[in-house]
Amino acid sequence: MYQVLARKYRPKIFDEIAGQDNIVQTLKNAVIHDRIAHAYIFSGTRGVGKTSIARILAKSINCENGPTINPCGVCSACVQIQNGSSVDVIEIDGASNTGVDAIRDLKENIIYLPQSFKYKIYIIDEVHMLSNSAFNALLKTLEEPPAHAKFIFATTELHKVPETILSRCQRFNFKRIPTDIIYRKLKEIAAAEDISVTDENLMIMASLADGSVRDSLTTFDTIISYFGKDIKEDISPVLGLTVKAAIVDLTYAIFKKDYEASIKLAKEIHDSGADIRQFIKQLAFYIRNILIIKLKYKDLINDMTDEEINALIPLAGQKHSEELLDMIDILLNSDTKYQKISSPSLTLELTLFRLINIPPKHNVTELINKIDKFISLKTNPAENPKMEGKTGKFNLNDEALTPPPPAFDSSFALRQPLPKTAAPAPAQTDRQVKIAPNDGNNTHGGSDEFFAHFDKIDEKLAQENGKQETNALIDDGIKANEAEKLDESIIMESIKDIFGKDIERIDRTKK
Ligand SMILES: [Zn+2]
């Protein structure tokens, strides 16, 4: 007979519990040192291991070889608790109608010694659902529990449990299980079940589960019954999701500002029967991941395989992080913004139009001003005493000017100035150079802000790279007067290298 995966792979010992390390360790210590509380309350969303841990704890205490952190699993206590057939380990569902009756029975029977085990253990699931009278009955028992009784309460809504109950329990808050842990669990189970499934598909199931191992296994069951043991094609449509390939294609079209291609793709997605709201959410998450890559917090992405992450890197280089943020805002607000439109496909089209028409975050005038300011400071260091030693800190990878390429090293500018292969930069005499007035007192001129800005970026980059190494390099660079090497042409070249077209426009405005 087929047993559903969630049941078949329900953890039987502490070490099989995924993603709740602190709780497991605390409970193990309690068992080892024989300091098991008379009442526990486990709170957390569904499918994160509350009931599993409750049963394991019950076994640990009652196992014939116990108390032990490794219940044998074969003695009658272990077997009965595992099957839920023990008379001494009583599971009560607070949500069911029998809740009140069960608590009345509990109150009457708790005084009797356990029939065959060391302890009577009451596991009450969804304890917050008990009625007031049930809570009152329970409270009386909790105030003076017999030595042979233990309570384990589980709830998904801790705030609904009366304070009087909570104050008599040891509390454990169960976390949502991180997607990568669920992913690994699914992978193990796939191997054990001899199921051939792609990493991408496992990742889809893991990220849909929203922290619940049980949910991911239920999804896996659905997928297995649909595809059998060979799960190679994208499972998204079966789960009401849009295939990842469509999201990738559409993102490329949006980034290229190709309105026609975007609309075509949107139509295809709509025609495929996808839920447009769900799709917009998926797209928002995809762009969120691009932003994360851009900000170099790769570890925060937990719903993609390494290959998928690598595919995002070129996209991350194309947009300013603020533009990406704007795009996410547009996507997340599209629902409210277009709520009067009953046509989902029109909502999607309008949203795409807005995504494509986001104004670029840097404007050319601002850029020219910045370069002007820098050149003026560079050519007239006397204008600003702060300049000495500061030049070395000028970072070509300025976030405000341009998105840094993902693997860009903040010390890049000091270590390897770009070769001067392309056209030379305009001589500064050709340009209108604004020089901060030097009245003898105002030694900073208008450059304070300028330096503060670059200092901030240097600091941020140093933090991001977590390296004092960077600072050391910058300092060394300053000492070695590396700064001298950073002449205007290199700066222009570097900016041009990163910026492309916009710089050409600057060149043209000069002529
Ligand atoms: Zn045992």
# chains A, B, ... in the order shown; residues from 1 in each chain; ligands from 1
$ residues_near_ligand --ligand "ligand 1" --cutoff "10 Å" --atoms "only C-alpha atoms and all ligand atoms" --output "ChimeraX atom specification"
/A:59-68,70-81
$ select_by_dssp --residues "segment 172-262 of chain A" --states "strand (DSSP E or B)" --output "MDAnalysis selection string"
chainID A and resid 172:173 196:197 230:231
$ residues_around --residues "Asp15 of chain A" --least-positions-apart "2" --cutoff "10 Å" --atoms "only C-alpha atoms" --output "PyMOL selection string"
chain A and resi 11-13+17-18+21+24-25+69-70
$ select_by_dssp --residues "segment 209-322 of chain A" --states "alpha helix (DSSP H)" --output "ChimeraX atom specification"
/A:213-227,244-255,259-271,276-294,306-316,321-322
$ atom_distance --atom1 "atom CA of Ala37 of chain A" --atom2 "atom CA of Ile152 of chain A"
9.6 Å
$ residues_around --residues "Lys294 of chain A" --least-positions-apart "2" --cutoff "7 Å" --atoms "only C-alpha atoms" --output "short mmCIF file (atom, residue, chain, number, x, y, z; two decimals) with N, CA and C atoms, in the first residue's frame"
data_model
loop_
_atom_site.label_atom_id
_atom_site.label_comp_id
_atom_site.auth_asym_id
_atom_site.auth_seq_id
_atom_site.Cartn_x
_atom_site.Cartn_y
_atom_site.Cartn_z
N ILE A 290 17.42 39.24 -8.73
CA ILE A 290 18.42 39.98 -9.50
C ILE A 290 19.01 41.10 -8.64
N LEU A 291 18.14 41.76 -7.90
CA LEU A 291 18.58 42.84 -7.01
C LEU A 291 19.54 42.29 -5.94
N ILE A 292 19.19 41.16 -5.39
CA ILE A 292 20.02 40.54 -4.36
C ILE A 292 21.42 40.25 -4.91
N LYS A 296 25.14 41.82 -4.00
CA LYS A 296 26.14 40.82 -3.58
C LYS A 296 25.74 40.08 -2.31
N ALA A 316 21.86 41.40 -13.70
CA ALA A 316 22.14 42.30 -12.57
C ALA A 316 23.02 43.46 -13.00
N SER A 321 20.41 49.52 -9.00
CA SER A 321 19.61 48.84 -7.98
C SER A 321 18.29 49.57 -7.68
N PRO A 406 28.95 42.13 -10.97
CA PRO A 406 28.88 41.30 -9.79
C PRO A 406 30.21 40.93 -9.15
#
$ residues_around --residues "Asp230 of chain A" --least-positions-apart "5" --cutoff "8 Å" --atoms "only C-alpha atoms" --output "JSON, numbers by chain"
{"A": [195, 196, 197]}
$ write_last_selection --atoms "C-alpha atoms" --output "PDB file, in the first residue's frame"
ATOM      1  CA  ILE A 195      12.811   9.080  -8.338  1.00  0.00           C
ATOM      2  CA  SER A 196      14.635  10.953 -11.062  1.00  0.00           C
ATOM      3  CA  VAL A 197      13.839  14.648 -10.680  1.00  0.00           C
TER       4      VAL A 197
END
$ residues_around --residues "Lys257 of chain A" --least-positions-apart "2" --cutoff "12 Å" --atoms "only C-alpha atoms" --output "number ranges by chain"
A: 250-255, 259-263, 318-319, 352-360
